[in-house]
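A.B. asks: Quick one: the structure is below, questions incoming.
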Amino acid sequence: MKLHDLLNEAWILLDRPIASKEEGISLLVKTFLAQKPFRRTSKDLESLLSDREALGGTTFPTGIAVPHARLEELDDVIILILRPSQPLPDPVAPIRLITLMLVSQGKPGRYLNALAGFLKLSQKSEVFEALLAAPNAGEFLNILTGYDYSLEKITTVEEILPAESPSISPDATIHDLIDLFYKFNASYAPAVDEDGHVVGEISLADILQAAFPGDTSSWGNLKFLRSFEPLERLAEQEESIHVRDLMKPVTFACSPTTPVGEVTFEFLQKQRRHCPVVRGRQLVGVLSIMDILNKVIRG
């Protein structure tokens, strides 16, 4: 199945004079319900979509918005498209195209592939501009068909990989690393050399472990910590301890083309929460188990 197989001209609304993303979503929901019998009301669907919108992450820097909701009564993905007459204000980027997806709970892979397809189309400037200039729904669909995208392929790591991930030089100080963790709201980073090759990894737990003398697993009584201030001592040594002093060898990595199901299994088997994504030895990014929650399980 191809991306265009989920579309029809009646669900492609062009140059509508709407003032907000929310108004566009409401119009698309009403269009869907007017043409397809469904047991949910417009209010029900808009509420589900609003709940997902509240979590964020449905508008992308290319100017495409992909509001979506998962529905147990669907057996496939339903897609409706709205092109506003004017770009809509949004904190991420002005919205030039809204692609509404109503998703079967049993087919997350097809949804992810459809999402990836639209995002890739929006990143091809000549294609996206052609879609934005299409004079009617039929021509819009023809353009989309010409750059079609399969929905049956296996979802891979690169399709859910964050656009930006933390990494650190082995020569950096722990002070630098703590600043990096704070900036990214992260607790893990691969260590990379000047060529971008992964040479180790380090976590927040490794830093905290350095604050305590010896093997804490052998301590029988921790009451003395009420007066002992190991974190203060760590703060005093931030500039003198380097990443290379605390980093560990990488024992778990994957490639951008690794299937998401495979790396999920490895997360569980190895009891890990982060995985450096490499092409050869070159760092591509960092996948976390939360990315699987946010982009696959909850979408």
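Simple scheme: letters A, B, ... for chains in structure tokens order, numbers from 1 for residues in each chain, numbers from 1 for ligands in the order shown.
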With a distance cut-off of 8 Å and only C-alpha atoms, select the neighbouring residues of stretch 26-37 of chain A, excluding the residue or stretch itself and same-chain residues fewer than 5 positions from it, and output the selection as a PyMOL selection string.

C.D. replies: chain A and resi 11+42+45-46+80-82+100

A.B. asks: From the set A:His175, A:Arg244, A:Lys270, A:Lys120, which residue has the shortest atom-to-atom contact distance to A:Ile202, counting only C-alpha atoms?

C.D. replies: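 Looking at the shortest contact to A:Ile202, the residue is A:Arg244.
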
A.B. asks: Extract, using only C-alpha atoms, all DNA, RNA and protein residues at most 8 Å from stretch 179-194 of chain A, discarding same-chain residues fewer than 3 positions from it, and format them as a list of chain:residue names.

C.D. replies: A:Ser165, A:Pro166, A:Ser167, A:Ile168, A:Ser169, A:Pro170, A:His175, A:Asp176, A:His197, A:Val198, A:Val199, A:Gly200, A:Glu201, A:Ile202, A:Ser203, A:Leu204, A:Ala205, A:Val243, A:Met247, A:His274, A:Pro276, A:Leu283, A:Val286

A.B. asks: Can you list, as JSON, numbers by chain, every residue of stretch 85-284 of chain A that DSSP puts in strand (DSSP E)?

C.D. replies: {"A": [97, 98, 99, 100, 101, 102, 103, 104, 188, 189, 190, 191, 192, 198, 199, 200, 201, 202, 203, 274, 275, 276, 277, 278, 279, 282, 283, 284]}

A.B. asks: Could those residues be written to a file, using C-alpha atoms, as a compact mmCIF listing (two decimals), in the first residue's frame?

C.D. replies:
```txt
# COMPACT_ATOMS: atom_id res chain seq x y z
CA LEU A 97 -0.43 22.34 5.69
CA ILE A 98 -2.50 20.36 8.21
CA THR A 99 -2.54 16.57 7.82
CA LEU A 100 -5.07 15.03 10.19
CA MET A 101 -4.63 11.34 10.95
CA LEU A 102 -7.14 9.08 12.68
CA VAL A 103 -5.17 5.96 13.52
CA SER A 104 -5.99 2.34 14.24
CA TYR A 188 23.17 10.08 29.03
CA ALA A 189 25.66 11.05 26.33
CA PRO A 190 28.07 9.21 24.05
CA ALA A 191 31.67 10.40 24.18
CA VAL A 192 32.99 11.20 20.70
CA VAL A 198 32.07 7.03 19.45
CA VAL A 199 34.79 6.17 21.98
CA GLY A 200 32.70 5.67 25.13
CA GLU A 201 29.55 6.61 26.98
CA ILE A 202 28.69 8.30 30.25
CA SER A 203 25.54 8.79 32.29
CA HIS A 274 19.62 4.80 25.89
CA CYS A 275 21.29 3.57 22.73
CA PRO A 276 23.88 5.39 20.60
CA VAL A 277 22.97 5.20 16.93
CA VAL A 278 26.04 4.80 14.75
CA ARG A 279 26.94 4.43 11.11
CA GLN A 282 30.27 7.65 13.38
CA LEU A 283 27.65 8.91 15.80
CA VAL A 284 24.30 9.66 14.16
```

A.B. asks: Just list as a PyMOL selection string whatever in stretch 19-255 of chain A DSSP marks as alpha helix (DSSP H).

C.D. replies: chain A and resi 21-35+42-54+108-123+125-133+137-146+174-184+204-209+230-237+243-246

A.B. asks: Which polymer residues have any atom within 7 Å of an atom of A:Ile143, counting only C-alpha atoms, with same-chain residues fewer than 4 positions away left out, as a PyMOL selection string?

C.D. replies: chain A and resi 131+139+147

A.B. asks: Measuring between only C-alpha atoms, which one of A:Leu208, A:Leu88, A:Ile64, A:Leu74 shows the shortest distance to A:Lys21?

C.D. replies: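 Closest to A:Lys21 of all the choices is A:Leu88.
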
A.B. asks: To one decimal in Å, tell me the separation between atom CA of A:Ala163 and atom CA of A:Glu53.

C.D. replies: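 Computed distance, atom CA of A:Ala163 to atom CA of A:Glu53, equals 20.0 Å.
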